[in-house]
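So this block is query-v8.cif, mmCIF, C-alpha atoms:
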data_target
loop_
_atom_site.label_atom_id
_atom_site.label_comp_id
_atom_site.auth_asym_id
_atom_site.auth_seq_id
_atom_site.Cartn_x
_atom_site.Cartn_y
_atom_site.Cartn_z
CA MET A 149 79.46 19.88 17.66
CA SER A 150 76.01 19.22 18.94
CA HIS A 151 73.92 16.45 17.45
CA LYS A 152 71.05 17.75 19.56
CA PRO A 153 68.93 18.84 16.57
CA ILE A 154 69.36 15.36 15.09
CA GLN A 155 68.45 13.56 18.32
CA THR A 156 65.46 15.89 18.73
CA LEU A 157 64.30 14.99 15.22
CA LEU A 158 64.67 11.24 15.79
CA ASN A 159 62.91 11.40 19.18
CA ALA A 160 60.08 13.42 17.64
CA ASN A 161 59.76 10.85 14.86
CA GLU A 162 59.45 8.07 17.42
CA GLU A 163 56.74 9.93 19.35
CA TRP A 164 54.89 10.85 16.16
CA ALA A 165 54.88 7.27 14.87
CA GLN A 166 53.61 5.98 18.21
CA SER A 167 50.81 8.53 18.39
CA VAL A 168 49.71 7.75 14.80
CA MET A 169 49.67 4.00 15.59
CA LYS A 170 47.59 4.69 18.68
CA ASP A 171 45.03 6.76 16.75
CA THR A 172 44.92 4.72 13.54
CA PRO A 173 46.64 1.34 14.04
CA ASP A 174 46.62 0.43 10.33
CA PHE A 175 47.72 3.81 8.93
CA PHE A 176 51.31 2.84 8.17
CA ALA A 177 50.60 -0.66 6.93
CA ARG A 178 48.06 0.74 4.47
CA SER A 179 50.15 3.63 3.21
CA ALA A 180 53.19 1.40 2.76
CA THR A 181 51.54 -0.46 -0.10
CA VAL A 182 50.76 2.43 -2.41
CA GLN A 183 50.62 6.22 -2.78
CA LYS A 184 47.78 8.09 -4.49
CA PRO A 185 48.34 11.79 -4.06
CA LYS A 186 46.35 14.12 -6.32
CA ILE A 187 48.72 17.04 -6.00
CA LEU A 188 52.33 17.70 -7.01
CA TRP A 189 53.87 20.64 -5.09
CA ILE A 190 56.90 22.32 -6.64
CA GLY A 191 58.19 24.80 -4.11
CA CYS A 192 61.21 26.40 -2.48
CA SER A 193 63.68 24.57 -0.23
CA ASP A 194 63.18 27.39 2.33
CA SER A 195 62.64 25.84 5.78
CA ARG A 196 59.71 28.18 6.42
CA VAL A 197 57.58 26.62 3.65
CA PRO A 198 57.02 22.93 4.55
CA GLU A 199 54.09 22.13 2.27
CA SER A 200 52.42 19.50 4.46
CA VAL A 201 52.56 21.54 7.68
CA ILE A 202 51.18 24.74 6.15
CA THR A 203 48.33 22.82 4.51
CA ALA A 204 47.77 20.44 7.44
CA SER A 205 48.28 17.52 5.04
CA LYS A 206 49.01 13.91 5.93
CA PRO A 207 51.59 11.50 4.52
CA GLY A 208 50.21 10.36 1.18
CA ASP A 209 48.56 13.68 0.28
CA ILE A 210 51.19 15.61 -1.67
CA PHE A 211 54.01 14.58 -4.04
CA VAL A 212 56.82 17.09 -3.56
CA HIS A 213 59.77 18.71 -5.33
CA ARG A 214 61.61 21.55 -3.56
CA ASN A 215 64.65 23.46 -4.79
CA VAL A 216 66.25 26.89 -4.48
CA ALA A 217 63.68 29.54 -5.51
CA ASN A 218 61.05 27.05 -6.76
CA GLN A 219 62.48 26.75 -10.26
CA PHE A 220 61.22 24.64 -13.16
CA HIS A 221 63.90 24.79 -15.84
CA LEU A 222 63.02 23.01 -19.07
CA HIS A 223 66.51 21.45 -19.24
CA ASP A 224 66.55 20.26 -15.60
CA ASP A 225 66.33 16.45 -15.35
CA SER A 226 65.57 16.67 -11.62
CA ALA A 227 62.35 18.66 -12.04
CA LEU A 228 61.42 16.98 -15.32
CA SER A 229 61.77 13.49 -13.85
CA VAL A 230 59.58 14.49 -10.89
CA LEU A 231 56.88 15.91 -13.17
CA THR A 232 57.05 12.91 -15.51
CA PHE A 233 56.78 10.42 -12.63
CA ALA A 234 54.03 12.42 -10.93
CA VAL A 235 51.85 12.76 -14.04
CA LYS A 236 52.46 9.43 -15.76
CA GLU A 237 53.11 6.99 -12.87
CA VAL A 238 51.42 8.50 -9.85
CA GLY A 239 48.53 10.13 -11.72
CA ILE A 240 48.38 13.51 -9.99
CA GLU A 241 45.68 15.92 -11.16
CA HIS A 242 47.11 19.24 -10.03
CA VAL A 243 50.58 20.75 -10.21
CA VAL A 244 51.02 23.68 -7.81
CA LEU A 245 54.09 25.87 -8.32
CA VAL A 246 54.57 27.79 -5.07
CA GLY A 247 56.72 30.87 -4.56
CA HIS A 248 56.96 32.75 -1.28
CA THR A 249 57.64 36.21 0.11
CA ASN A 250 61.12 37.02 1.45
CA CYS A 251 62.67 34.42 -0.86
CA GLY A 252 66.46 34.37 -0.39
CA GLY A 253 67.01 33.07 -3.90
CA ALA A 254 64.98 35.93 -5.38
CA MET A 255 66.91 38.42 -3.24
CA ALA A 256 70.20 36.99 -4.46
CA CYS A 257 69.06 37.41 -8.08
CA ILE A 258 68.07 41.04 -7.51
CA GLU A 259 71.58 41.70 -6.23
CA ALA A 260 73.19 39.74 -9.05
CA ALA A 261 71.12 41.63 -11.66
CA LYS A 262 72.55 44.92 -10.38
CA GLY A 263 76.09 43.68 -10.98
CA VAL A 264 77.91 43.88 -14.27
CA THR A 265 77.24 40.95 -16.58
CA THR A 266 80.58 39.33 -17.07
CA ASN A 267 81.40 35.92 -18.46
CA SER A 268 84.68 35.89 -16.62
CA THR A 269 82.99 35.42 -13.25
CA ALA A 270 83.49 31.76 -12.34
CA SER A 271 80.16 30.00 -12.61
CA THR A 272 79.16 27.82 -9.69
CA PRO A 273 76.19 25.45 -9.49
CA LEU A 274 74.29 28.11 -7.52
CA THR A 275 75.02 30.98 -9.95
CA ARG A 276 74.15 28.71 -12.89
CA TRP A 277 70.95 27.65 -11.13
CA LEU A 278 69.89 31.27 -10.58
CA ARG A 279 70.90 32.53 -14.02
CA PRO A 280 67.41 32.29 -15.56
CA LEU A 281 65.85 34.10 -12.60
CA THR A 282 68.58 36.76 -12.69
CA ALA A 283 67.81 37.28 -16.39
CA LEU A 284 64.11 37.57 -15.50
CA VAL A 285 64.92 40.24 -12.91
CA ARG A 286 66.87 42.22 -15.52
CA SER A 287 63.83 42.16 -17.81
CA LEU A 288 61.61 43.77 -15.16
CA ASP A 289 61.32 47.50 -14.59
CA LEU A 290 61.97 47.86 -10.89
CA SER A 291 63.29 51.43 -10.99
CA ALA A 292 60.25 52.95 -9.27
CA CYS A 293 60.00 50.20 -6.65
CA SER A 294 61.12 50.18 -3.06
CA ALA A 295 63.29 47.21 -2.09
CA SER A 296 60.35 45.25 -0.71
CA GLU A 297 58.10 46.10 -3.69
CA ALA A 298 60.86 44.94 -6.02
CA LEU A 299 61.21 41.65 -4.15
CA ASN A 300 57.46 41.02 -4.28
CA LYS A 301 57.40 41.83 -8.00
CA VAL A 302 60.25 39.38 -8.62
CA VAL A 303 58.63 36.64 -6.54
CA GLU A 304 55.40 37.00 -8.56
CA ALA A 305 57.11 37.22 -11.96
CA ASN A 306 59.10 34.12 -11.00
CA VAL A 307 55.94 32.13 -10.22
CA ILE A 308 54.36 33.10 -13.54
CA LYS A 309 57.55 32.26 -15.44
CA GLN A 310 57.89 28.81 -13.82
CA VAL A 311 54.20 28.06 -14.45
CA ASN A 312 54.76 28.93 -18.12
CA ASN A 313 57.74 26.57 -18.20
CA ILE A 314 55.69 23.76 -16.66
CA CYS A 315 52.94 24.30 -19.26
CA LYS A 316 55.53 23.97 -22.04
CA SER A 317 57.00 20.76 -20.63
CA GLU A 318 56.47 17.41 -22.36
CA PRO A 319 54.42 15.73 -19.59
CA ILE A 320 51.94 18.62 -19.56
CA THR A 321 51.72 19.31 -23.29
CA THR A 322 51.26 15.57 -23.88
CA ALA A 323 48.53 15.30 -21.22
CA TRP A 324 46.74 18.38 -22.59
CA ALA A 325 46.90 17.20 -26.21
CA ASP A 326 45.50 13.77 -25.38
CA SER A 327 41.73 13.85 -24.84
CA GLY A 328 41.97 10.37 -23.25
CA ALA A 329 44.57 11.40 -20.71
CA LYS A 330 43.79 12.27 -17.09
CA ARG A 331 43.15 16.02 -16.70
CA VAL A 332 45.98 18.01 -15.15
CA THR A 333 45.67 21.63 -13.98
CA VAL A 334 48.67 23.86 -13.29
CA HIS A 335 48.45 26.47 -10.52
CA GLY A 336 50.78 29.30 -9.52
CA TRP A 337 50.64 30.29 -5.85
CA ILE A 338 52.43 32.59 -3.44
CA TYR A 339 52.86 31.77 0.23
CA ASP A 340 52.98 34.90 2.37
CA LEU A 341 55.44 34.16 5.19
CA ALA A 342 54.22 37.01 7.40
CA GLU A 343 50.63 35.76 7.35
CA GLY A 344 51.07 32.04 6.84
CA ARG A 345 48.63 32.26 3.94
CA ILE A 346 48.62 30.89 0.40
CA ARG A 347 47.37 33.21 -2.34
CA GLU A 348 46.44 31.99 -5.82
CA LEU A 349 48.09 33.89 -8.65
CA VAL A 350 47.31 31.94 -11.80
CA VAL A 351 45.59 28.77 -13.03
CA ARG A 352 46.17 27.03 -16.36
CA ASP A 353 44.53 23.96 -17.87
CA ALA A 354 43.99 22.35 -21.24
CA GLN A 355 40.76 24.24 -21.86
CA ALA A 356 42.44 27.63 -21.66
CA LYS A 357 44.89 26.59 -24.34
CA LEU A 358 42.23 25.65 -26.90
CA MET B 282 37.26 18.66 -13.35
CA PRO B 283 36.74 19.06 -9.62
CA HIS B 284 39.29 21.21 -7.86
CA GLU B 285 38.14 19.68 -4.61
CA SER B 286 41.59 18.57 -3.53
CA ILE B 287 42.92 22.07 -4.20
CA GLN B 288 40.11 23.78 -2.31
CA THR B 289 40.63 21.38 0.58
CA LEU B 290 44.30 22.35 0.70
CA LEU B 291 43.58 26.08 0.61
CA ASN B 292 40.88 25.82 3.29
CA ALA B 293 43.22 23.79 5.49
CA ASN B 294 45.92 26.42 5.05
CA GLU B 295 43.50 29.13 6.15
CA GLU B 296 42.48 27.20 9.26
CA TRP B 297 46.07 26.31 10.09
CA SER B 298 47.34 29.87 9.84
CA GLN B 299 44.45 31.14 11.96
CA SER B 300 45.08 28.57 14.68
CA ILE B 301 48.80 29.43 14.75
CA ILE B 302 48.10 33.15 15.06
CA LYS B 303 45.69 32.41 17.89
CA ASP B 304 48.28 30.39 19.82
CA SER B 305 51.36 32.48 19.00
CA PRO B 306 50.45 35.84 17.46
CA THR B 307 54.03 36.70 16.47
CA PHE B 308 54.96 33.31 14.97
CA PHE B 309 54.73 34.32 11.33
CA THR B 310 56.08 37.86 11.58
CA GLN B 311 59.14 36.53 13.44
CA LEU B 312 59.72 33.81 10.86
CA ALA B 313 59.40 36.27 8.01
CA ILE B 314 62.52 38.05 9.26
CA GLY B 315 64.82 35.12 8.53
CA GLN B 316 65.40 31.38 8.63
CA ASN B 317 67.94 29.52 10.75
CA PRO B 318 67.42 25.79 10.26
CA LYS B 319 70.20 23.47 11.47
CA ILE B 320 69.26 20.60 9.18
CA LEU B 321 69.16 20.04 5.42
CA TRP B 322 66.93 17.10 4.45
CA ILE B 323 67.54 15.51 1.04
CA GLY B 324 64.77 13.01 0.49
CA CYS B 325 62.37 11.42 -1.95
CA SER B 326 59.43 13.22 -3.59
CA ASP B 327 57.20 10.33 -2.41
CA SER B 328 54.04 11.76 -0.82
CA ARG B 329 54.36 9.36 2.10
CA VAL B 330 57.61 10.95 3.34
CA PRO B 331 56.84 14.58 4.25
CA GLU B 332 59.88 15.37 6.39
CA SER B 333 58.21 17.91 8.69
CA VAL B 334 55.16 15.79 9.46
CA ILE B 335 57.09 12.60 10.25
CA THR B 336 59.47 14.51 12.53
CA ALA B 337 56.80 16.80 14.01
CA SER B 338 58.86 19.80 12.87
CA LYS B 339 57.73 23.40 12.55
CA PRO B 340 58.26 25.90 9.73
CA GLY B 341 61.84 27.09 10.09
CA ASP B 342 63.26 23.78 11.31
CA ILE B 343 64.36 21.95 8.15
CA PHE B 344 65.77 23.12 4.77
CA VAL B 345 64.51 20.66 2.18
CA HIS B 346 65.35 19.15 -1.22
CA ARG B 347 63.16 16.29 -2.50
CA ASN B 348 63.49 14.49 -5.85
CA ILE B 349 62.87 11.06 -7.40
CA ALA B 350 64.62 8.41 -5.27
CA ASN B 351 66.51 10.90 -3.09
CA GLN B 352 69.42 11.33 -5.47
CA PHE B 353 72.52 13.49 -5.09
CA HIS B 354 74.29 13.46 -8.44
CA LEU B 355 77.60 15.32 -8.55
CA ASN B 356 76.64 16.91 -11.88
CA ASP B 357 73.18 18.05 -10.76
CA ASP B 358 72.93 21.83 -10.36
CA SER B 359 69.61 21.48 -8.55
CA ALA B 360 70.98 19.42 -5.66
CA LEU B 361 74.37 21.18 -5.67
CA SER B 362 72.79 24.63 -5.46
CA VAL B 363 70.62 23.50 -2.53
CA LEU B 364 73.63 22.06 -0.68
CA THR B 365 75.76 25.13 -1.43
CA TYR B 366 73.06 27.53 -0.25
CA ALA B 367 72.27 25.40 2.81
CA VAL B 368 75.89 25.12 3.97
CA LYS B 369 77.26 28.53 2.96
CA ALA B 370 74.29 30.92 3.17
CA VAL B 371 71.96 29.28 5.68
CA GLY B 372 74.62 27.57 7.85
CA VAL B 373 73.11 24.11 8.39
CA GLU B 374 75.08 21.75 10.65
CA HIS B 375 73.62 18.45 9.48
CA VAL B 376 72.80 17.05 6.08
CA VAL B 377 70.43 14.06 6.25
CA LEU B 378 70.05 11.95 3.11
CA VAL B 379 66.85 9.95 3.55
CA GLY B 380 65.77 6.93 1.55
CA HIS B 381 62.62 4.95 2.27
CA THR B 382 61.16 1.48 1.94
CA ASN B 383 58.85 0.74 -1.01
CA CYS B 384 60.52 3.46 -3.08
CA GLY B 385 58.94 3.56 -6.56
CA GLY B 386 62.10 5.00 -8.09
CA ALA B 387 64.23 2.23 -6.57
CA ALA B 388 61.72 -0.38 -7.76
CA ALA B 389 61.82 1.07 -11.28
CA CYS B 390 65.63 0.88 -11.26
CA LEU B 391 65.54 -2.72 -10.06
CA GLN B 392 63.24 -3.61 -12.94
CA ALA B 393 65.37 -1.72 -15.46
CA ALA B 394 68.50 -3.53 -14.23
CA LYS B 395 66.74 -6.89 -14.61
CA ASP B 396 65.57 -5.96 -18.12
CA ALA B 397 69.09 -4.91 -19.09
CA ALA B 398 70.50 -8.19 -17.78
CA ALA B 399 67.86 -10.21 -19.62
CA ASP B 400 68.45 -8.01 -22.64
CA THR B 401 64.70 -7.35 -22.87
CA ASP B 402 65.06 -3.56 -22.80
CA ALA B 403 65.10 -3.20 -26.59
CA SER B 404 66.56 0.29 -26.97
CA GLN B 405 64.24 2.56 -25.04
CA PRO B 406 64.35 6.22 -26.00
CA GLU B 407 66.16 8.23 -23.36
CA THR B 408 63.91 10.46 -21.24
CA PRO B 409 64.65 12.82 -18.34
CA LEU B 410 63.41 10.08 -15.99
CA THR B 411 65.58 7.30 -17.45
CA ARG B 412 68.60 9.64 -17.44
CA TRP B 413 67.83 10.59 -13.86
CA LEU B 414 67.74 6.96 -12.72
CA SER B 415 70.69 5.67 -14.78
CA PRO B 416 73.35 6.06 -12.04
CA LEU B 417 71.26 3.97 -9.64
CA ILE B 418 70.47 1.39 -12.33
CA GLY B 419 74.20 1.11 -13.00
CA ARG B 420 74.93 0.58 -9.31
CA ILE B 421 72.26 -2.12 -9.02
CA GLN B 422 73.85 -4.07 -11.85
CA SER B 423 76.87 -4.59 -9.59
CA LEU B 424 74.82 -5.96 -6.67
CA GLU B 425 74.43 -9.65 -5.90
CA LEU B 426 70.65 -10.05 -5.66
CA SER B 427 70.19 -13.56 -7.08
CA THR B 428 69.45 -15.17 -3.73
CA CYS B 429 67.15 -12.37 -2.56
CA SER B 430 63.38 -12.36 -2.53
CA ALA B 431 61.78 -9.40 -4.31
CA ALA B 432 61.26 -7.58 -1.01
CA GLU B 433 64.84 -8.27 0.17
CA ALA B 434 66.20 -7.07 -3.16
CA LEU B 435 64.27 -3.79 -2.94
CA ASN B 436 65.46 -3.19 0.63
CA LYS B 437 69.05 -3.88 -0.43
CA VAL B 438 68.67 -1.39 -3.30
CA VAL B 439 67.17 1.27 -1.00
CA GLU B 440 70.08 0.90 1.44
CA THR B 441 72.76 0.77 -1.26
CA ASN B 442 71.22 3.92 -2.74
CA VAL B 443 71.48 5.75 0.58
CA HIS B 444 75.17 4.81 0.92
CA MET B 445 75.82 5.85 -2.68
CA GLN B 446 74.20 9.27 -2.27
CA VAL B 447 75.93 9.90 1.08
CA ASP B 448 79.27 9.13 -0.62
CA ASN B 449 78.41 11.64 -3.35
CA ILE B 450 77.49 14.32 -0.82
CA CYS B 451 80.80 13.77 1.01
CA LYS B 452 82.68 14.25 -2.28
CA SER B 453 80.84 17.48 -3.16
CA GLU B 454 82.57 20.86 -3.05
CA PRO B 455 80.51 22.41 -0.23
CA ILE B 456 81.27 19.44 2.06
CA THR B 457 84.92 18.86 1.14
CA THR B 458 85.54 22.59 1.53
CA ALA B 459 83.81 22.71 4.93
CA TRP B 460 85.70 19.64 6.13
CA ALA B 461 89.09 20.91 4.95
CA ASP B 462 88.69 24.28 6.69
CA PRO B 463 89.27 24.15 10.48
CA ASN B 464 87.49 27.51 10.82
CA ALA B 465 84.39 26.49 8.92
CA LYS B 466 81.18 25.54 10.74
CA LYS B 467 81.13 21.78 11.36
CA VAL B 468 78.82 19.79 9.10
CA THR B 469 77.87 16.13 9.62
CA VAL B 470 76.36 13.97 6.86
CA HIS B 471 73.84 11.28 7.82
CA GLY B 472 72.25 8.47 5.78
CA TRP B 473 68.82 7.33 6.95
CA VAL B 474 66.06 4.99 5.80
CA TYR B 475 62.42 5.78 6.60
CA ASP B 476 60.42 2.60 7.10
CA LEU B 477 56.95 3.31 5.68
CA ALA B 478 55.33 0.35 7.43
CA ARG B 479 56.43 1.52 10.90
CA GLY B 480 56.62 5.27 10.34
CA ARG B 481 60.14 5.13 11.78
CA ILE B 482 63.49 6.55 10.73
CA ASP B 483 66.44 4.14 10.94
CA GLU B 484 70.00 5.50 10.93
CA LEU B 485 72.30 3.79 8.46
CA VAL B 486 75.50 5.82 8.37
CA CYS B 487 77.07 9.00 9.75
CA ARG B 488 80.09 10.82 8.27
CA GLU B 489 82.05 13.81 9.48
CA ALA B 490 85.33 15.65 8.94
CA LYS B 491 87.39 13.57 11.38
CA HIS B 492 87.22 10.38 9.31
CA ASP B 493 87.91 12.09 6.01
CA GLU B 494 91.04 13.94 7.17
CA ASN B 495 92.90 10.64 6.82
CA SER B 496 92.37 10.66 3.09
CA ALA B 497 93.50 14.27 2.61
#
Would you give me this structure, written as structure tokens?
Amino acid sequence: MSHKPIQTLLNANEEWAQSVMKDTPDFFARSATVQKPKILWIGCSDSRVPESVITASKPGDIFVHRNVANQFHLHDDSALSVLTFAVKEVGIEHVVLVGHTNCGGAMACIEAAKGVTTNSTASTPLTRWLRPLTALVRSLDLSACSASEALNKVVEANVIKQVNNICKSEPITTAWADSGAKRVTVHGWIYDLAEGRIRELVVRDAQAKL
Amino acid sequence: MPHESIQTLLNANEEWSQSIIKDSPTFFTQLAIGQNPKILWIGCSDSRVPESVITASKPGDIFVHRNIANQFHLNDDSALSVLTYAVKAVGVEHVVLVGHTNCGGAAACLQAAKDAAADTDASQPETPLTRWLSPLIGRIQSLELSTCSAAEALNKVVETNVHMQVDNICKSEPITTAWADPNAKKVTVHGWVYDLARGRIDELVCREAKHDENSA
């Protein structure tokens, strides 16, 4: 089996590091001491949505959590620990929850929602992970939609649902209830793969809740 | 509150997409059809380790999972669903587990282990973050760090963590299944450490089916 993609990656890293050192000799030494990003990005693991490339960001700009179908489950220690660390330790000011068009996870849930609900189907980590989104799909009326309209509707509903979850989480409700705490705003975005463009769907902050 | 950082991001995205379309007009429409990355990167959420920037990779190159202290817990549906999807649906050939120097999560675990040893951690309420870090804290308690400086201790923890997570990945169902099936696509698991001060990736360990067949 070819390790070519790995060697390519390592060679590219070497070249990148050298070119950064040449341009800004103290970049790495400075960034090694501390990170101060203002933004937490919660997005999909999809290879086509690398947050720092599509926003031309540099190391140090964005704190990142990526999983299948950009989920934020309120019982998920992985996402909750990221949000907690980001808000309380790192001091980020914006949480952006980013969905994207042509999401494989969303497509899988649309298919799963068509199937018969049966508890006898063996649950796997992936089916368990997508259960909330599958339930969301079932709650939508997609009967008059074409396949691509349905997918877009699911991707959008998913973003809104995850943003709602984030707003109900302890780190956010605590920050919003405490007038002395640093302000945190929660955004819901969609990245359109075919255009390479981010579109804002929803914004929530403490003010709106009052 | 200023949304300056957000506006900066959105403006940069607009410029980036325009420059891509100018250079390669079909880049996005082609990518929208499907993804075919060969690599799954499991790394830390730390803002200083954006996998695609530090490897000069393009959209479509790397499937990514990032969490606090680059963990792969065998009871974590988040990481397991990523690995399952990456291996079985996307068809990646390499899984790279990437730790990094000056990891805040690792440093927090080191402190928690010291507090536990000195018995100064008067029962802290359990939080998602403390639960998340407890396997690593437990592992640190078995390390011999008494003769290490603070910096040496942190480096030792970062490396031990990488080995620990690579071991977990190799025990997971998607990997054991792929390695046991001679017809399955070959998958190699790598453990790396990204050195923040040099901007360089250092390879620590590499595991593949051959070595594990002996334990079958």
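Nearest-residue note for Ile320 (chain B): choosing from A:Glu241, A:Asp225, A:Asp194, A:Glu199, the minimum distance belongs to A:Asp194, counting all atoms listed in the file.
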Using the chain letters and residue numbers of this document, give as a PyMOL selection string the residues selected by the PyMOL selection byres ((chain A) within 6 of (chain B)).
-> chain A and resi 157+160-161+165+176-177+180+193-196+202-204+207-216+225+229-230+273-274+341-344
For CA of Leu426 (chain B) and CA of Cys487 (chain B), the interatomic separation in Å (one decimal) =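 Interatomic distance here is 25.3 Å.
In this comparison, which uses only C-alpha atoms, the residue of B:Lys395, B:His381, B:Arg420, B:Arg488 approaching Ile456 (chain B) most closely is B:Arg488.
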Determine the residue set returned by the PyMOL selection byres ((chain B and resi 419) around 10) for the present structure, and present it as a compact mmCIF listing (two decimals) with C-alpha atoms, in the coordinates of the input.
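Generated file (selection-v4.txt):
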# COMPACT_ATOMS: atom_id res chain seq x y z
CA CYS B 390 65.63 0.88 -11.26
CA LEU B 391 65.54 -2.72 -10.06
CA ALA B 393 65.37 -1.72 -15.46
CA ALA B 394 68.50 -3.53 -14.23
CA ALA B 397 69.09 -4.91 -19.09
CA LEU B 414 67.74 6.96 -12.72
CA SER B 415 70.69 5.67 -14.78
CA PRO B 416 73.35 6.06 -12.04
CA LEU B 417 71.26 3.97 -9.64
CA ILE B 418 70.47 1.39 -12.33
CA ARG B 420 74.93 0.58 -9.31
CA ILE B 421 72.26 -2.12 -9.02
CA GLN B 422 73.85 -4.07 -11.85
CA SER B 423 76.87 -4.59 -9.59
CA LEU B 424 74.82 -5.96 -6.67
Coordinates-based distance that separates CA of Lys316 (chain A) from CA of Arg352 (chain A) (Å, one decimal) =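 These two atoms are separated by 11.4 Å.
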Considering only C-alpha atoms, return as a list in words whatever protein or nucleic-acid residues lie within 10 Å of Asn300 (chain A), sequence-local ones (same chain, fewer than 6 positions apart) excluded.
->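 Answer for this query is His248, Thr249, Asn250, Cys251, Ala254, Met255, Cys293, Ser294, Asn306 and Ile338 of chain A.
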What residues come out when you apply the PyMOL selection byres ((chain A and resi 275-282) around 9) to this file, written as a PDB file with C-alpha atoms, in the coordinates of the input?
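The result, written out as result36.pdb:
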ATOM      1  CA  VAL A 216      66.250  26.890  -4.480  1.00  0.00           C
ATOM      2  CA  ALA A 217      63.680  29.540  -5.510  1.00  0.00           C
ATOM      3  CA  GLN A 219      62.480  26.750 -10.260  1.00  0.00           C
ATOM      4  CA  HIS A 221      63.900  24.790 -15.840  1.00  0.00           C
ATOM      5  CA  GLY A 253      67.010  33.070  -3.900  1.00  0.00           C
ATOM      6  CA  ALA A 254      64.980  35.930  -5.380  1.00  0.00           C
ATOM      7  CA  ALA A 256      70.200  36.990  -4.460  1.00  0.00           C
ATOM      8  CA  CYS A 257      69.060  37.410  -8.080  1.00  0.00           C
ATOM      9  CA  ILE A 258      68.070  41.040  -7.510  1.00  0.00           C
ATOM     10  CA  GLU A 259      71.580  41.700  -6.230  1.00  0.00           C
ATOM     11  CA  ALA A 260      73.190  39.740  -9.050  1.00  0.00           C
ATOM     12  CA  ALA A 261      71.120  41.630 -11.660  1.00  0.00           C
ATOM     13  CA  ALA A 270      83.490  31.760 -12.340  1.00  0.00           C
ATOM     14  CA  SER A 271      80.160  30.000 -12.610  1.00  0.00           C
ATOM     15  CA  THR A 272      79.160  27.820  -9.690  1.00  0.00           C
ATOM     16  CA  PRO A 273      76.190  25.450  -9.490  1.00  0.00           C
ATOM     17  CA  LEU A 274      74.290  28.110  -7.520  1.00  0.00           C
ATOM     18  CA  ALA A 283      67.810  37.280 -16.390  1.00  0.00           C
ATOM     19  CA  LEU A 284      64.110  37.570 -15.500  1.00  0.00           C
ATOM     20  CA  VAL A 285      64.920  40.240 -12.910  1.00  0.00           C
ATOM     21  CA  ARG A 286      66.870  42.220 -15.520  1.00  0.00           C
ATOM     22  CA  SER A 287      63.830  42.160 -17.810  1.00  0.00           C
ATOM     23  CA  VAL A 302      60.250  39.380  -8.620  1.00  0.00           C
ATOM     24  CA  ASN A 306      59.100  34.120 -11.000  1.00  0.00           C
ATOM     25  CA  LYS A 309      57.550  32.260 -15.440  1.00  0.00           C
TER      26      LYS A 309
ATOM     27  CA  ASP B 358      72.930  21.830 -10.360  1.00  0.00           C
ATOM     28  CA  SER B 359      69.610  21.480  -8.550  1.00  0.00           C
ATOM     29  CA  SER B 362      72.790  24.630  -5.460  1.00  0.00           C
TER      30      SER B 362
END
For Val238 (chain A), please output as a PyMOL selection string all residues within 10 Å (counting all atoms listed in the file; exclusion window: fewer than 3 positions along the same chain).
-> (chain A and resi 182-188+211+231-235+241) or (chain B and resi 327-328+385)
Straight-line distance linking CA of Glu407 (chain B) with CA of Leu228 (chain A), stated in Å to one decimal |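 One can read the CA of Glu407 (chain B) to CA of Leu228 (chain A) distance as 12.8 Å.
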